[in-house]
Every structure is written in C-alpha cells, then in structure tokens.
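J.: Sharing a structure with you now.
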Amino acid sequence: SSSIANITPDLIVINHGVNDIGQNHSISDTITAIKATLTRLQEKYPGVKIIYVAPFWERHNQLAAELGREIDKLVDEFDELYVVRTGDMEISYSDGGHPDTAGAKKIGAFLSEAILGIVGEDFSA
C-alpha cells in the first residue's frame with residue numbers, strides 16, 4: 001500500500017521458509033531464499049533489527065531443526081540479525097502445522113519475552 005511505503009519499522013520479525021521445506025524444497029534452496037529476503041530487508045531498512053523466528057515444529061521435524069541450525073549461521077552474515085530458536089517449545093496445533101488458540105498464546109508470550117531480551121525493556125518506551 002502506498003500509505004505505508006515510506007514507513008520505516010522499528011523492528012522486523014519474520015518466520016520464513018517453513019512452508020518451503022514442508023513442500024520438499026531443499027534446505028539449500030530455502031536458505032538462499034531467506035538470504036535474499038534478508039538482503040532486501042537490510043537494503044530497504046538499514047540498521048533495523050531483524051528477528052528471525054525459527055520453525056515452531058523444529059522439535060518434531062528433522063528438516064525444520066536443520067533449517068534452524070542453518071539460520072543460526074546467518075547471524076554472522078547479516079548486521080542486526082537475531083535468531084529466536086523454538087525447538088524446546090511444546091505447543092498444541094489445530095491441524096499438525098498451525099498452532100491452535102492455546103498454542104498461539106504460548107507462542108505470543110514466548111516471543112514477547114524473546115524480543116524484549118533482544119531489544120531491551122526501553123525499546124517501546
């Protein structure tokens with residue numbers, strides 16, 4: 001939308017690549033796509049922190065866990081990139097892939113705490 005075209009975010013939170021590996025794209029191709037997204041975001045919003053949220057089902061899926069490990073490696077390649085790993089989370093799902101209401105609430109609380117740990121308590125003040 002043109003009404004938001006000139007807005008610079010204070011923070012960017014993304015969860016990218018989950019559907020790619022779920023649709024049998026290789027980890028390599030998925031990481032290439034994630035790098036392209038991160039590059040575009042950093043070019044458009046230099047200095048803005050980007051928080052990448054690893055797949056919530058990495059605890060139960062080897063490909064998702066591998067994707068999370070590969071994403072961890074990107075922190076050294078991109079400025080202001082932070083990764084929130086979710087492998088220890090146990091959440092409930094509505095369909096095996098999407099969190100139900102209780103799962104979404106747990107994710108929200110977890111992410112709030114993780115984001116505050118990255119940006120600090122004074123970020124939104």
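Residue names in the structure tokens use chain letters A, B, ... in the order shown, residue numbers from 1 in each chain, and ligand numbers from 1 in the order shown.
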Please provide as an NGL selection string all residues within 7 Å of Arg85 (chain A), with the sequence filter that same-chain residues fewer than 3 positions apart are discarded (counting only C-alpha atoms).

T.: :A and (53-54 or 68)

J.: Check the DSSP output for the backbone and give back, as a PyMOL selection string, the residues of chain A in helix (DSSP H, G or I).

T.: chain A and resi 2-4+18-22+27-44+62-76+101-119

J.: Pick from A:Asn15, A:Thr101, A:Ser94, A:Gln62: nearest to Leu38 (chain A), with only C-alpha atoms counted?

T.: A:Asn15

J.: In region 15-114 of chain A, what's strand (DSSP E or B) per DSSP? Answer as a ChimeraX atom specification?

T.: /A:49-53,81-84,93,99

J.: In Å to one decimal, how far is CA of Val13 (chain A) from CA of Gly108 (chain A)?

T.: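 CA of Val13 (chain A) lies 12.3 Å from CA of Gly108 (chain A).
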
J.: Near Val83 (chain A), counting only C-alpha atoms, which residues have an atom at most 10 Å away, once you skip same-chain residues fewer than 6 positions from it, shown as a PyMOL selection string?

T.: chain A and resi 13-15+50-54+68-69+71-75+114-115+118

J.: Calculated over only C-alpha atoms, which of the candidates A:Glu113, A:Asp10, A:Asp20, A:Glu121 has the smallest distance to Ala64 (chain A)?

T.: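 For Ala64 (chain A), the nearest of the candidates is A:Asp20.
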
J.: Using only C-alpha atoms, find the one residue out of A:Glu90, A:Glu80, A:Glu43, A:Asp29 that sits nearest to Glu58 (chain A).

T.: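 Result for the nearest residue to Glu58 (chain A): A:Glu90.
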
J.: Please list as a PyMOL selection string every residue within 12 Å of Thr37 (chain A), counting only C-alpha atoms and excluding residues in the same chain fewer than 3 positions away.

T.: chain A and resi 12+14-17+30-34+40-45+50+52+78

J.: If we count only C-alpha atoms and set the cut-off at 12 Å, which residues sit around Asn19 (chain A), ignoring sequence neighbours fewer than 6 positions away in its own chain? Please answer as a list in words.

T.: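 Answer for this query is His25, Ser26, Ile27, Thr30, Pro55, Phe56, Trp57, Leu63, Ala64, Leu67, Gly97 and His98 of chain A.
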
J.: May I ask which of the residues A:Ile21, A:Thr39, A:Ser92, A:Ala102 is the closest one to Glu66 (chain A), counting only C-alpha atoms?

T.: A:Ile21

J.: To one decimal place in Å, what is the distance between CA of Met89 (chain A) and CA of Arg59 (chain A)?

T.: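 So the two atoms, CA of Met89 (chain A) and CA of Arg59 (chain A), lie 7.4 Å apart.
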
J.: Set the distance at 8 Å and use only C-alpha atoms: which residues neighbour Ile91 (chain A) once local chain neighbours fewer than 6 positions away are removed? I'd like the list as a PDB file with N, CA and C atoms, in the first residue's frame.

T.:
```pdb
ATOM      1  N   PRO A  99      -0.601 -23.532  14.883  1.00  0.00           N
ATOM      2  CA  PRO A  99      -0.977 -23.547  16.300  1.00  0.00           C
ATOM      3  C   PRO A  99      -2.459 -23.265  16.492  1.00  0.00           C
ATOM      4  N   ALA A 102      -4.564 -22.009  22.073  1.00  0.00           N
ATOM      5  CA  ALA A 102      -3.649 -22.162  23.209  1.00  0.00           C
ATOM      6  C   ALA A 102      -2.190 -22.100  22.749  1.00  0.00           C
ATOM      7  N   GLY A 103      -1.894 -22.739  21.616  1.00  0.00           N
ATOM      8  CA  GLY A 103      -0.539 -22.696  21.065  1.00  0.00           C
ATOM      9  C   GLY A 103      -0.131 -21.289  20.668  1.00  0.00           C
ATOM     10  N   LYS A 106       0.755 -19.275  23.728  1.00  0.00           N
ATOM     11  CA  LYS A 106       2.065 -19.666  24.246  1.00  0.00           C
ATOM     12  C   LYS A 106       3.177 -19.071  23.382  1.00  0.00           C
ATOM     13  N   ILE A 107       2.994 -19.101  22.073  1.00  0.00           N
ATOM     14  CA  ILE A 107       3.970 -18.506  21.156  1.00  0.00           C
ATOM     15  C   ILE A 107       4.084 -17.006  21.419  1.00  0.00           C
TER      16      ILE A 107
END
```

J.: Can you work out the spacing between CA of Glu70 (chain A) and CA of Gln23 (chain A) in Å, to one decimal?

T.: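 Here the two named atoms are 17.9 Å from each other.
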